[in-house]
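What follows is my_file_17.tsv (TSV, C-alpha atoms).
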```tsv
chain	number	residue	atom	x	y	z
C	286	MET	CA	-7.67	0.36	15.46
C	287	ILE	CA	-6.50	-3.18	16.29
C	288	PRO	CA	-2.72	-3.40	16.74
C	289	TYR	CA	-0.80	-5.16	14.00
C	290	HIS	CA	0.65	-8.42	15.31
C	291	GLY	CA	2.19	-10.04	12.25
C	292	LEU	CA	4.13	-13.25	11.76
C	293	TYR	CA	6.37	-13.67	8.74
C	294	ILE	CA	5.88	-16.97	6.95
C	295	TYR	CA	6.92	-18.72	3.76
C	296	PRO	CA	4.37	-20.29	1.43
C	297	TRP	CA	5.94	-23.73	1.85
C	298	ASP	CA	5.25	-23.52	5.58
C	299	ILE	CA	1.59	-22.89	4.80
C	300	GLU	CA	1.60	-25.87	2.43
C	301	ASP	CA	2.90	-28.01	5.32
C	302	GLN	CA	-0.28	-27.51	7.35
C	303	ASP	CA	-2.82	-30.35	7.24
C	304	ASP	CA	-5.37	-28.46	9.36
C	305	LEU	CA	-5.44	-24.81	8.29
C	306	PRO	CA	-8.35	-23.82	10.58
C	307	GLY	CA	-6.49	-25.35	13.55
C	308	PHE	CA	-3.25	-23.72	12.46
C	309	ALA	CA	-4.97	-20.32	12.30
C	310	ALA	CA	-6.54	-20.85	15.73
C	311	GLY	CA	-3.16	-21.75	17.21
C	312	LEU	CA	-1.53	-18.60	15.87
C	313	ARG	CA	-4.40	-16.42	17.08
C	314	ALA	CA	-3.97	-17.96	20.53
C	315	LEU	CA	-0.38	-16.65	20.47
C	316	GLY	CA	-1.70	-13.15	19.78
C	317	ILE	CA	-0.99	-13.16	16.03
C	318	ASN	CA	-3.66	-11.54	13.88
C	319	ARG	CA	-1.85	-11.35	10.54
C	320	LEU	CA	0.42	-13.48	8.38
C	321	CYS	CA	3.11	-11.73	6.35
C	322	MET	CA	3.38	-14.29	3.56
C	323	ALA	CA	6.31	-14.24	1.15
C	324	THR	CA	4.71	-13.54	-2.22
C	325	ALA	CA	7.95	-12.72	-4.07
C	326	TYR	CA	11.18	-14.10	-2.68
C	327	HIS	CA	14.81	-14.97	-3.36
C	328	THR	CA	16.67	-18.23	-3.06
C	329	GLY	CA	18.50	-19.50	0.00
C	330	LYS	CA	19.16	-22.51	2.21
C	331	PHE	CA	16.73	-22.65	5.12
C	332	LEU	CA	16.74	-24.94	8.16
C	333	ARG	CA	13.17	-25.67	9.30
C	334	PRO	CA	12.94	-26.88	12.93
C	335	HIS	CA	9.38	-28.18	12.51
C	336	GLY	CA	9.14	-28.60	8.75
C	337	LYS	CA	7.07	-31.57	7.64
C	338	HIS	CA	8.14	-31.80	4.01
C	339	GLY	CA	11.86	-31.23	4.16
C	340	ARG	CA	13.88	-29.95	7.10
C	341	VAL	CA	16.22	-28.07	4.75
C	342	VAL	CA	14.66	-26.10	1.88
C	343	PHE	CA	16.25	-24.40	-1.13
C	344	PRO	CA	13.58	-21.99	-2.43
C	345	GLN	CA	13.17	-21.30	-6.11
C	346	ASP	CA	15.17	-18.21	-7.01
C	347	GLY	CA	13.30	-14.95	-7.42
C	348	ALA	CA	9.87	-16.57	-7.59
C	349	VAL	CA	6.39	-15.06	-7.20
C	350	TYR	CA	4.00	-17.17	-5.10
C	351	LEU	CA	0.66	-15.79	-6.24
C	352	PRO	CA	-0.90	-16.14	-9.69
C	353	THR	CA	0.26	-13.39	-12.07
C	354	ASP	CA	-1.06	-11.86	-15.28
C	355	ALA	CA	1.73	-11.74	-17.89
C	356	ARG	CA	-0.15	-9.03	-19.81
C	357	ARG	CA	0.60	-6.53	-17.04
C	358	TYR	CA	4.38	-6.73	-17.56
C	359	GLY	CA	6.84	-5.36	-20.08
C	360	ASN	CA	10.33	-6.53	-20.94
C	361	ILE	CA	10.88	-8.10	-17.51
C	362	GLN	CA	8.40	-10.86	-16.72
C	363	PRO	CA	8.05	-12.36	-13.23
C	364	VAL	CA	9.40	-15.80	-12.33
C	365	VAL	CA	6.31	-17.82	-11.46
C	366	ALA	CA	6.84	-20.30	-8.63
C	367	ALA	CA	6.63	-23.96	-9.59
C	368	HIS	CA	4.73	-24.59	-6.34
C	369	MET	CA	2.54	-22.12	-4.50
C	370	PRO	CA	-0.23	-22.34	-1.91
C	371	GLY	CA	-3.65	-22.62	-3.48
C	372	MET	CA	-6.03	-19.71	-3.22
C	373	ASP	CA	-8.31	-21.98	-1.18
C	374	ALA	CA	-5.61	-22.13	1.50
C	375	VAL	CA	-5.22	-18.36	1.51
C	376	ARG	CA	-8.99	-17.93	1.72
C	377	THR	CA	-9.24	-20.40	4.62
C	378	LEU	CA	-6.62	-18.53	6.65
C	379	ARG	CA	-8.46	-15.28	6.06
C	380	GLU	CA	-11.81	-16.80	6.99
C	381	HIS	CA	-10.34	-18.07	10.27
C	382	GLY	CA	-9.19	-14.74	11.55
C	383	LEU	CA	-5.78	-14.07	9.99
C	384	ALA	CA	-5.37	-11.02	7.78
C	385	LEU	CA	-2.78	-11.36	5.01
C	386	SER	CA	0.10	-9.08	4.08
C	387	ALA	CA	2.05	-9.72	0.88
C	388	TRP	CA	5.72	-9.74	1.81
C	389	THR	CA	7.28	-8.75	-1.50
C	390	VAL	CA	11.03	-8.84	-2.10
C	391	LEU	CA	11.23	-6.49	-5.03
C	392	PHE	CA	14.69	-6.02	-6.59
C	393	HIS	CA	16.88	-8.55	-4.77
C	394	ASN	CA	16.37	-11.11	-7.52
C	395	THR	CA	19.33	-13.04	-8.92
C	396	ALA	CA	17.18	-14.99	-11.37
C	397	LEU	CA	15.98	-11.82	-13.08
C	398	GLY	CA	19.37	-10.14	-12.82
C	399	THR	CA	20.91	-13.12	-14.59
C	400	ARG	CA	18.24	-13.13	-17.30
C	401	HIS	CA	18.45	-9.34	-17.75
C	402	PRO	CA	22.06	-8.33	-16.97
C	403	GLN	CA	21.54	-4.90	-18.51
C	404	ALA	CA	18.98	-4.24	-15.75
C	405	ALA	CA	21.33	-5.17	-12.89
C	406	CYS	CA	23.51	-2.88	-10.80
C	407	GLN	CA	26.96	-2.14	-12.28
C	408	ASN	CA	29.85	-0.99	-10.11
C	409	ALA	CA	32.46	1.63	-11.00
C	410	PHE	CA	34.63	-0.99	-12.73
C	411	GLY	CA	31.78	-2.25	-14.92
C	412	ASP	CA	31.14	-5.44	-12.93
C	413	ARG	CA	27.47	-6.46	-12.78
C	414	TYR	CA	25.73	-7.49	-9.56
C	415	PRO	CA	23.01	-9.89	-10.77
C	416	TYR	CA	21.43	-10.10	-7.30
C	417	SER	CA	20.51	-6.39	-7.41
C	418	LEU	CA	18.18	-5.02	-10.07
C	419	CYS	CA	18.69	-1.28	-10.55
C	420	PRO	CA	15.68	0.86	-9.51
C	421	SER	CA	16.67	3.65	-11.90
C	422	ASN	CA	16.29	1.32	-14.90
C	423	ALA	CA	12.96	1.95	-16.67
C	424	ASP	CA	12.25	-1.75	-17.26
C	425	VAL	CA	12.99	-2.57	-13.61
C	426	ARG	CA	10.72	0.19	-12.38
C	427	ALA	CA	7.93	-0.98	-14.69
C	428	TYR	CA	8.36	-4.53	-13.39
C	429	GLY	CA	8.22	-3.41	-9.75
C	430	ILE	CA	5.08	-1.34	-10.25
C	431	ALA	CA	3.35	-4.08	-12.24
C	432	LEU	CA	4.23	-6.75	-9.70
C	433	CYS	CA	2.82	-4.76	-6.79
C	434	ARG	CA	-0.34	-3.93	-8.70
C	435	ASP	CA	-0.70	-7.59	-9.66
C	436	ILE	CA	-0.27	-8.83	-6.08
C	437	ALA	CA	-2.56	-6.18	-4.63
C	438	ASP	CA	-5.38	-7.23	-6.93
C	439	HIS	CA	-5.67	-10.61	-5.23
C	440	PRO	CA	-8.86	-10.44	-3.14
C	441	HIS	CA	-7.40	-11.74	0.13
C	442	ILE	CA	-4.47	-9.30	0.26
C	443	ASP	CA	-5.00	-6.00	2.08
C	444	ASP	CA	-1.39	-4.94	2.73
C	445	ILE	CA	1.91	-5.10	0.85
C	446	ILE	CA	5.26	-5.12	2.66
C	447	LEU	CA	7.94	-4.01	0.20
C	448	GLU	CA	11.46	-5.22	0.83
C	449	THR	CA	14.51	-4.19	-1.27
C	450	PRO	CA	12.95	-1.38	-3.30
C	451	GLY	CA	16.45	0.04	-3.83
C	452	TRP	CA	20.02	-1.07	-4.50
C	453	GLN	CA	21.53	-3.91	-2.46
C	454	PRO	CA	24.67	-3.28	-0.41
C	455	SER	CA	27.88	-4.71	-1.84
C	456	HIS	CA	27.76	-7.45	0.82
C	457	HIS	CA	24.40	-9.17	0.97
C	458	GLY	CA	24.98	-12.88	1.26
C	459	PHE	CA	25.38	-13.79	-2.40
C	460	HIS	CA	26.02	-17.51	-2.97
C	461	HIS	CA	29.49	-18.34	-1.58
C	462	GLU	CA	30.27	-14.63	-1.29
C	463	MET	CA	33.93	-14.36	-0.37
C	464	SER	CA	36.44	-11.68	0.52
C	465	LEU	CA	39.56	-12.13	2.60
C	466	LEU	CA	39.73	-8.40	3.33
C	467	ALA	CA	38.32	-6.92	6.51
C	468	SER	CA	34.92	-5.28	6.24
C	469	ASN	CA	35.32	-1.55	5.58
C	470	PRO	CA	32.20	0.67	5.48
C	471	TRP	CA	33.89	3.20	3.19
C	472	ALA	CA	35.07	0.71	0.58
C	473	ASP	CA	31.88	-1.37	0.88
C	474	THR	CA	29.70	1.69	0.27
C	475	LEU	CA	31.70	2.76	-2.79
C	476	LEU	CA	31.61	-0.77	-4.20
C	477	GLY	CA	27.83	-0.81	-3.79
C	478	LEU	CA	27.24	2.30	-5.90
C	479	CYS	CA	25.67	1.73	-9.30
C	480	PHE	CA	27.03	3.29	-12.48
C	481	CYS	CA	24.91	1.48	-15.07
C	482	ASP	CA	23.73	3.37	-18.16
C	483	ALA	CA	20.40	4.22	-16.52
C	484	CYS	CA	22.12	5.72	-13.47
C	485	MET	CA	24.74	7.55	-15.53
C	486	ASP	CA	22.12	9.07	-17.84
C	487	GLY	CA	19.50	9.76	-15.17
C	488	ALA	CA	21.84	11.44	-12.71
C	489	ALA	CA	23.59	13.48	-15.43
C	490	ARG	CA	20.23	14.83	-16.63
C	491	LYS	CA	19.70	16.19	-13.10
C	492	GLY	CA	23.06	17.95	-13.17
C	493	VAL	CA	24.87	15.38	-11.03
C	494	ASP	CA	28.55	14.83	-11.91
C	495	ILE	CA	28.22	11.05	-11.73
C	496	ALA	CA	30.97	10.51	-14.30
C	497	GLY	CA	33.42	12.34	-12.03
C	498	VAL	CA	32.25	10.30	-9.03
C	499	ARG	CA	32.75	7.05	-10.96
C	500	THR	CA	36.32	8.07	-11.82
C	501	ARG	CA	37.09	8.95	-8.20
C	502	VAL	CA	35.50	5.74	-6.91
C	503	ARG	CA	37.65	3.68	-9.27
C	504	GLY	CA	40.74	5.45	-7.99
C	505	HIS	CA	39.80	5.12	-4.32
C	506	ILE	CA	38.96	1.41	-4.56
C	507	SER	CA	42.03	0.62	-6.65
C	508	ALA	CA	44.25	2.30	-4.06
C	509	TYR	CA	42.42	0.56	-1.21
C	510	LEU	CA	42.87	-2.87	-2.80
C	511	ALA	CA	46.59	-2.15	-3.26
C	512	ARG	CA	47.15	-1.34	0.44
C	513	ARG	CA	49.48	-3.40	2.58
C	514	CYS	CA	46.99	-3.70	5.46
C	515	ASP	CA	43.37	-3.19	6.46
C	516	GLY	CA	42.04	-0.66	8.92
C	517	THR	CA	39.28	-1.19	11.46
C	518	ALA	CA	35.58	-0.82	10.73
C	519	ALA	CA	35.54	2.37	12.84
C	520	GLU	CA	38.31	3.85	10.69
C	521	GLY	CA	36.30	2.93	7.62
C	522	GLU	CA	33.32	4.83	9.05
C	523	ASP	CA	35.59	7.86	9.55
C	524	ARG	CA	36.81	7.67	5.96
C	525	LEU	CA	33.24	7.35	4.69
C	526	MET	CA	32.22	10.44	6.68
C	527	HIS	CA	35.21	12.34	5.24
C	528	ALA	CA	34.18	11.37	1.71
C	529	ILE	CA	30.58	12.46	2.22
C	530	VAL	CA	31.60	15.80	3.75
C	531	HIS	CA	34.22	16.71	1.16
C	532	ASP	CA	32.99	15.14	-2.10
C	533	ASP	CA	30.07	17.24	-3.32
C	534	GLY	CA	29.50	14.93	-6.26
C	535	LEU	CA	29.26	11.86	-4.03
C	536	ARG	CA	26.65	13.59	-1.88
C	537	ASP	CA	24.70	14.51	-5.00
C	538	VAL	CA	24.78	10.91	-6.22
C	539	LEU	CA	23.57	9.60	-2.84
C	540	ARG	CA	20.72	12.12	-2.73
C	541	TRP	CA	19.75	11.34	-6.32
C	542	ARG	CA	19.62	7.62	-5.50
C	543	CYS	CA	17.26	8.35	-2.61
C	544	GLN	CA	15.03	10.37	-4.92
C	545	GLN	CA	14.85	7.43	-7.33
C	546	VAL	CA	13.67	5.00	-4.65
C	547	THR	CA	11.24	7.50	-3.11
C	548	SER	CA	9.64	8.26	-6.48
C	549	LEU	CA	9.37	4.55	-7.26
C	550	VAL	CA	7.58	3.80	-3.98
C	551	ALA	CA	5.27	6.77	-4.63
C	552	ASP	CA	4.46	5.33	-8.06
C	553	ILE	CA	3.76	1.93	-6.49
C	554	ARG	CA	1.48	3.50	-3.90
C	555	ASP	CA	-0.42	5.27	-6.72
C	556	ALA	CA	-0.68	2.07	-8.78
C	557	VAL	CA	-1.92	-0.20	-5.99
C	558	ARG	CA	-5.63	-0.14	-5.30
C	559	SER	CA	-6.55	2.31	-2.55
C	560	ASP	CA	-7.88	-0.21	-0.04
C	561	VAL	CA	-4.51	-2.02	0.08
C	562	THR	CA	-1.89	-0.42	2.31
C	563	VAL	CA	1.79	-0.26	1.32
C	564	HIS	CA	4.55	-0.49	3.93
C	565	VAL	CA	8.27	-0.49	3.24
C	566	ILE	CA	11.15	-2.34	4.85
C	567	PRO	CA	13.71	0.39	4.09
C	568	SER	CA	16.91	-1.55	4.76
C	569	VAL	CA	18.43	-5.02	4.84
C	570	GLN	CA	21.22	-3.79	7.14
C	571	ALA	CA	21.53	-4.22	10.88
C	572	ASN	CA	20.84	-0.52	11.46
C	573	PRO	CA	18.04	0.95	9.32
C	574	VAL	CA	19.57	4.42	9.84
C	575	ARG	CA	22.09	3.32	7.18
C	576	ALA	CA	19.27	2.77	4.70
C	577	TRP	CA	20.62	5.64	2.56
C	578	VAL	CA	23.28	3.19	1.34
C	579	GLU	CA	20.44	1.41	-0.50
C	580	GLY	CA	18.79	4.64	-1.64
C	581	SER	CA	16.20	4.66	1.15
C	582	ASP	CA	15.47	8.07	2.70
C	583	LEU	CA	13.56	7.12	5.85
C	584	ALA	CA	11.69	10.40	6.22
C	585	ALA	CA	10.84	10.76	2.52
C	586	LEU	CA	9.75	7.14	2.13
C	587	SER	CA	7.46	7.36	5.15
C	588	GLY	CA	5.68	10.24	3.44
C	589	VAL	CA	4.86	8.44	0.18
C	590	CYS	CA	3.59	5.12	1.57
C	591	ASP	CA	1.49	4.03	4.53
C	592	GLY	CA	4.41	3.48	6.87
C	593	LEU	CA	7.75	1.79	7.48
C	594	GLU	CA	8.43	-1.67	8.87
C	595	VAL	CA	11.87	-1.59	10.50
C	596	CYS	CA	13.89	-4.65	11.49
C	597	LEU	CA	15.31	-4.28	14.99
C	598	TYR	CA	17.40	-7.37	15.53
C	599	GLY	CA	19.91	-8.21	18.23
C	600	ARG	CA	20.23	-9.10	21.90
C	601	ASP	CA	21.64	-5.74	23.04
C	602	THR	CA	18.48	-3.98	24.23
C	603	GLN	CA	20.20	-0.65	24.86
C	604	ALA	CA	21.62	-0.58	21.33
C	605	LEU	CA	18.26	-1.60	19.88
C	606	LEU	CA	16.41	1.13	21.75
C	607	ALA	CA	19.00	3.73	20.74
C	608	ARG	CA	18.57	2.62	17.12
C	609	PHE	CA	14.81	2.94	17.43
C	610	GLU	CA	15.09	6.41	18.97
C	611	ASP	CA	17.29	7.48	16.04
C	612	ILE	CA	14.72	6.20	13.56
C	613	ARG	CA	11.90	7.88	15.45
C	614	ASP	CA	13.83	11.17	15.38
C	615	ILE	CA	14.25	10.90	11.60
C	616	VAL	CA	10.74	9.75	10.70
C	617	PRO	CA	7.99	12.33	11.36
C	618	ALA	CA	6.00	11.56	14.48
C	619	ASP	CA	2.72	11.19	12.60
C	620	ARG	CA	4.09	8.45	10.32
C	621	SER	CA	3.54	4.78	11.11
C	622	LEU	CA	6.46	2.68	12.34
C	623	ARG	CA	6.16	-1.08	12.72
C	624	ALA	CA	8.88	-3.04	14.51
C	625	VAL	CA	10.10	-6.48	13.46
C	626	LEU	CA	11.84	-8.68	16.05
C	627	ARG	CA	13.30	-12.20	16.05
C	628	PRO	CA	12.25	-14.37	19.03
C	629	ALA	CA	15.11	-16.70	18.22
C	630	PRO	CA	18.30	-18.16	19.74
C	631	CYS	CA	20.42	-16.14	17.31
C	632	ASP	CA	19.37	-13.07	19.32
C	633	PHE	CA	18.25	-14.37	22.74
C	634	THR	CA	19.19	-17.22	25.07
C	635	ASP	CA	15.74	-17.27	26.68
C	636	ALA	CA	12.38	-15.53	26.56
C	637	GLY	CA	13.12	-12.88	29.20
C	638	PRO	CA	15.23	-10.43	27.17
C	639	PHE	CA	12.95	-10.79	24.15
C	640	VAL	CA	9.85	-10.05	26.21
C	641	ALA	CA	11.69	-7.08	27.73
C	642	GLN	CA	12.48	-5.65	24.28
C	643	VAL	CA	8.85	-5.82	23.23
C	644	ASP	CA	7.89	-4.20	26.53
C	645	GLU	CA	10.43	-1.37	26.16
C	646	LEU	CA	9.41	-0.64	22.58
C	647	SER	CA	5.74	-0.63	23.61
C	648	ARG	CA	6.55	1.94	26.30
C	649	ARG	CA	8.09	4.10	23.58
C	650	GLY	CA	4.90	4.12	21.56
C	651	VAL	CA	5.24	1.08	19.32
C	652	ARG	CA	1.91	-0.69	18.99
C	653	ASP	CA	2.50	-2.62	15.75
C	654	PHE	CA	4.86	-5.60	15.85
C	655	ALA	CA	5.84	-8.39	13.49
C	656	PHE	CA	7.94	-11.44	14.25
C	657	TYR	CA	10.41	-13.25	12.01
C	658	ASN	CA	9.91	-16.05	10.93
C	659	PHE	CA	7.56	-18.99	11.51
C	660	GLY	CA	9.54	-21.51	9.47
C	661	HIS	CA	12.87	-20.71	11.15
C	662	LEU	CA	11.58	-20.80	14.74
C	663	ARG	CA	11.27	-23.68	17.18
C	664	ARG	CA	7.83	-24.19	18.75
C	665	GLU	CA	9.17	-22.84	22.03
C	666	ASN	CA	10.24	-19.61	20.34
C	667	LEU	CA	6.71	-19.14	19.04
C	668	ASN	CA	5.53	-19.32	22.65
C	669	TRP	CA	7.80	-16.37	23.44
C	670	ILE	CA	5.60	-14.26	21.19
C	671	HIS	CA	2.59	-15.06	23.34
C	672	GLN	CA	4.52	-14.13	26.49
C	673	ALA	CA	5.61	-10.82	25.00
C	674	LEU	CA	2.22	-9.81	23.68
C	675	SER	CA	0.52	-10.83	26.91
C	676	VAL	CA	2.58	-8.44	29.06
C	677	SER	CA	3.04	-5.51	26.67
C	678	PRO	CA	1.70	-2.27	28.12
C	679	VAL	CA	-0.61	0.08	26.31
C	680	PRO	CA	1.65	2.48	24.34
C	681	ARG	CA	2.00	5.91	25.86
```
Target format structure tokens, applied to this file:
Amino acid sequence: MIPYHGLYIYPWDIEDQDDLPGFAAGLRALGINRLCMATAYHTGKFLRPHGKHGRVVFPQDGAVYLPTDARRYGNIQPVVAAHMPGMDAVRTLREHGLALSAWTVLFHNTALGTRHPQAACQNAFGDRYPYSLCPSNADVRAYGIALCRDIADHPHIDDIILETPGWQPSHHGFHHEMSLLASNPWADTLLGLCFCDACMDGAARKGVDIAGVRTRVRGHISAYLARRCDGTAAEGEDRLMHAIVHDDGLRDVLRWRCQQVTSLVADIRDAVRSDVTVHVIPSVQANPVRAWVEGSDLAALSGVCDGLEVCLYGRDTQALLARFEDIRDIVPADRSLRAVLRPAPCDFTDAGPFVAQVDELSRRGVRDFAFYNFGHLRRENLNWIHQALSVSPVPR
């Protein structure tokens, strides 16, 4: 089987290309054989080093960039992008040697959370998080399944990459997000827990004392916010570990959340046509081992889809390799693991350390790589990809 060498890309970067056959040939010369095109995505503010139509882009919030069929959906309808690449462009890329994955941001969708506040995550105090649709909500689950089925039915798509199939952490870059308190993993985790009606009812039906957990979380966070000083992040990790060890109800809630996301991904895999593979990005956090905060059980998820695509970002190669080894220990050896790296100045000062990371991961058995993200990278950074793929050893 040909190794997966993917490049993440936004639809507006495809629209920028005047010569799609030449563009495809240039990417193939770098070693890229697949584009991971954003087909459902959130808003943001993006600097484009080689953008032709706008160097700074503000994407439409929560939009879907492939044609959709409204009849497939229930109470939550997709936001259809005002501008999307034509199917002729997608076909041309495919015809010139680039396979296409549908990079689908599922439940991180502020537009839909604002339109349907009852479907958004609700913290222990009753505050809604519009950027995070709740995967235990029946309408949200129906939307997610329908969207993936809809996208997979496009003839040029043969793979879906699911991002944010679970709950978002309490800190995830919401517009002008602000806190003057130090980051604390214990408090942040508790603030990210959802206690909406769907979670309260669903967990209680499974015998989980979620009402008791909500009461304790309110008390813990209220006391934390009333403190005279902050602790360190390491002390927050210790407090989080203490809570998980000693609060049986909290452990039950965390396990139940993982079951919700696993069952949803299984339902998506069943709904998508069989010749389209489904891979999951299990976490938006720096360390995917913490994916359980979002309801992602790495081992369980890997068993209900076609594999995981894990983001391994950062310039510290030793830390990155240790993180990968942890993930590999958790995920069964026969399950597919793809690695996503950033050949960018935010992680590396030059090509050497990036090439070395690809080399080290290859030596540990990784054969499938993706690189993030065409629109954010300088031309020189794209050349790093060619250097890395040219020297990677055959996985052992």
Show me, as an mmCIF file with C-alpha atoms, keeping the file's coordinate frame, the residues that have an atom within 9 Å of Ile566 in chain C when counting only C-alpha atoms, minus same-chain residues fewer than 4 positions from it.
```
data_model
loop_
_atom_site.group_PDB
_atom_site.id
_atom_site.type_symbol
_atom_site.label_atom_id
_atom_site.label_comp_id
_atom_site.auth_asym_id
_atom_site.auth_seq_id
_atom_site.Cartn_x
_atom_site.Cartn_y
_atom_site.Cartn_z
ATOM 1 C CA ILE C 446 5.260 -5.120 2.660
ATOM 2 C CA LEU C 447 7.940 -4.010 0.200
ATOM 3 C CA GLU C 448 11.460 -5.220 0.830
ATOM 4 C CA THR C 449 14.510 -4.190 -1.270
ATOM 5 C CA PRO C 450 12.950 -1.380 -3.300
ATOM 6 C CA PRO C 573 18.040 0.950 9.320
ATOM 7 C CA LEU C 593 7.750 1.790 7.480
ATOM 8 C CA GLU C 594 8.430 -1.670 8.870
ATOM 9 C CA VAL C 595 11.870 -1.590 10.500
ATOM 10 C CA CYS C 596 13.890 -4.650 11.490
#
```
Task: For CA of His671 in chain C and CA of His381 in chain C, the interatomic separation in Å (one decimal) - done: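 Going from CA of His671 in chain C over to CA of His381 in chain C, I get 18.6 Å.
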Task: Distance of CA of Gln453 in chain C from CA of Gly477 in chain C, expressed in Å to one decimal place - done: 7.1 Å
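Comparing the minimum interatomic distances between Cys631 in chain C and each of C:Val364, C:Ala655, C:Leu525, C:Leu662, counting all atoms listed in the file, we find that C:Leu662 sits nearest.
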Open item on the list: Residues near Asp582 in chain C, anyone? I mean within 12 Å using only C-alpha atoms, not counting same-chain ones fewer than 3 positions away, as an MDAnalysis selection string.
Closed with: chainID C and resid 450:451 539:548 550 565:568 573:579 585:589 593 612 615:616
Task: Pick from C:Thr399, C:Arg379, C:His290, C:Ser581, whichever lies nearest to Pro415 in chain C using all atoms listed in the file - done: C:Thr399
Atom completion result for range 362-380 of chain C (N, CA and C atoms) as a PDB file, in the frame of the given file:
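Final file, selection-v7.pdb:
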```
ATOM      1  N   GLN C 362       9.539 -10.067 -17.172  1.00  0.00           N
ATOM      2  CA  GLN C 362       8.400 -10.860 -16.720  1.00  0.00           C
ATOM      3  C   GLN C 362       8.740 -11.532 -15.383  1.00  0.00           C
ATOM      4  N   PRO C 363       7.770 -11.717 -14.519  1.00  0.00           N
ATOM      5  CA  PRO C 363       8.050 -12.360 -13.230  1.00  0.00           C
ATOM      6  C   PRO C 363       8.385 -13.836 -13.391  1.00  0.00           C
ATOM      7  N   VAL C 364       9.153 -14.358 -12.431  1.00  0.00           N
ATOM      8  CA  VAL C 364       9.400 -15.800 -12.330  1.00  0.00           C
ATOM      9  C   VAL C 364       8.256 -16.396 -11.519  1.00  0.00           C
ATOM     10  N   VAL C 365       7.466 -17.230 -12.139  1.00  0.00           N
ATOM     11  CA  VAL C 365       6.310 -17.820 -11.460  1.00  0.00           C
ATOM     12  C   VAL C 365       6.753 -19.075 -10.728  1.00  0.00           C
ATOM     13  N   ALA C 366       6.420 -19.166  -9.456  1.00  0.00           N
ATOM     14  CA  ALA C 366       6.840 -20.300  -8.630  1.00  0.00           C
ATOM     15  C   ALA C 366       6.265 -21.605  -9.172  1.00  0.00           C
ATOM     16  N   ALA C 367       7.086 -22.644  -9.156  1.00  0.00           N
ATOM     17  CA  ALA C 367       6.630 -23.960  -9.590  1.00  0.00           C
ATOM     18  C   ALA C 367       5.586 -24.525  -8.633  1.00  0.00           C
ATOM     19  N   HIS C 368       5.703 -24.144  -7.352  1.00  0.00           N
ATOM     20  CA  HIS C 368       4.730 -24.590  -6.340  1.00  0.00           C
ATOM     21  C   HIS C 368       4.328 -23.388  -5.510  1.00  0.00           C
ATOM     22  N   MET C 369       3.050 -23.221  -5.316  1.00  0.00           N
ATOM     23  CA  MET C 369       2.540 -22.120  -4.500  1.00  0.00           C
ATOM     24  C   MET C 369       1.297 -22.580  -3.760  1.00  0.00           C
ATOM     25  N   PRO C 370       0.995 -21.954  -2.631  1.00  0.00           N
ATOM     26  CA  PRO C 370      -0.230 -22.340  -1.910  1.00  0.00           C
ATOM     27  C   PRO C 370      -1.456 -22.003  -2.743  1.00  0.00           C
ATOM     28  N   GLY C 371      -2.433 -22.882  -2.729  1.00  0.00           N
ATOM     29  CA  GLY C 371      -3.650 -22.620  -3.480  1.00  0.00           C
ATOM     30  C   GLY C 371      -4.427 -21.459  -2.876  1.00  0.00           C
ATOM     31  N   MET C 372      -5.233 -20.823  -3.704  1.00  0.00           N
ATOM     32  CA  MET C 372      -6.030 -19.710  -3.220  1.00  0.00           C
ATOM     33  C   MET C 372      -7.041 -20.167  -2.176  1.00  0.00           C
ATOM     34  N   ASP C 373      -7.413 -21.459  -2.221  1.00  0.00           N
ATOM     35  CA  ASP C 373      -8.310 -21.980  -1.180  1.00  0.00           C
ATOM     36  C   ASP C 373      -7.638 -21.912   0.188  1.00  0.00           C
ATOM     37  N   ALA C 374      -6.329 -22.195   0.236  1.00  0.00           N
ATOM     38  CA  ALA C 374      -5.610 -22.130   1.500  1.00  0.00           C
ATOM     39  C   ALA C 374      -5.554 -20.700   2.017  1.00  0.00           C
ATOM     40  N   VAL C 375      -5.280 -19.770   1.129  1.00  0.00           N
ATOM     41  CA  VAL C 375      -5.220 -18.360   1.510  1.00  0.00           C
ATOM     42  C   VAL C 375      -6.590 -17.900   2.015  1.00  0.00           C
ATOM     43  N   ARG C 376      -7.632 -18.313   1.332  1.00  0.00           N
ATOM     44  CA  ARG C 376      -8.990 -17.930   1.720  1.00  0.00           C
ATOM     45  C   ARG C 376      -9.327 -18.512   3.101  1.00  0.00           C
ATOM     46  N   THR C 377      -8.936 -19.756   3.334  1.00  0.00           N
ATOM     47  CA  THR C 377      -9.240 -20.400   4.620  1.00  0.00           C
ATOM     48  C   THR C 377      -8.566 -19.657   5.769  1.00  0.00           C
ATOM     49  N   LEU C 378      -7.311 -19.274   5.593  1.00  0.00           N
ATOM     50  CA  LEU C 378      -6.620 -18.530   6.650  1.00  0.00           C
ATOM     51  C   LEU C 378      -7.325 -17.221   6.938  1.00  0.00           C
ATOM     52  N   ARG C 379      -7.758 -16.557   5.891  1.00  0.00           N
ATOM     53  CA  ARG C 379      -8.460 -15.280   6.060  1.00  0.00           C
ATOM     54  C   ARG C 379      -9.802 -15.496   6.784  1.00  0.00           C
ATOM     55  N   GLU C 380     -10.499 -16.531   6.393  1.00  0.00           N
ATOM     56  CA  GLU C 380     -11.810 -16.800   6.990  1.00  0.00           C
ATOM     57  C   GLU C 380     -11.698 -17.191   8.455  1.00  0.00           C
TER      58      GLU C 380
END
```
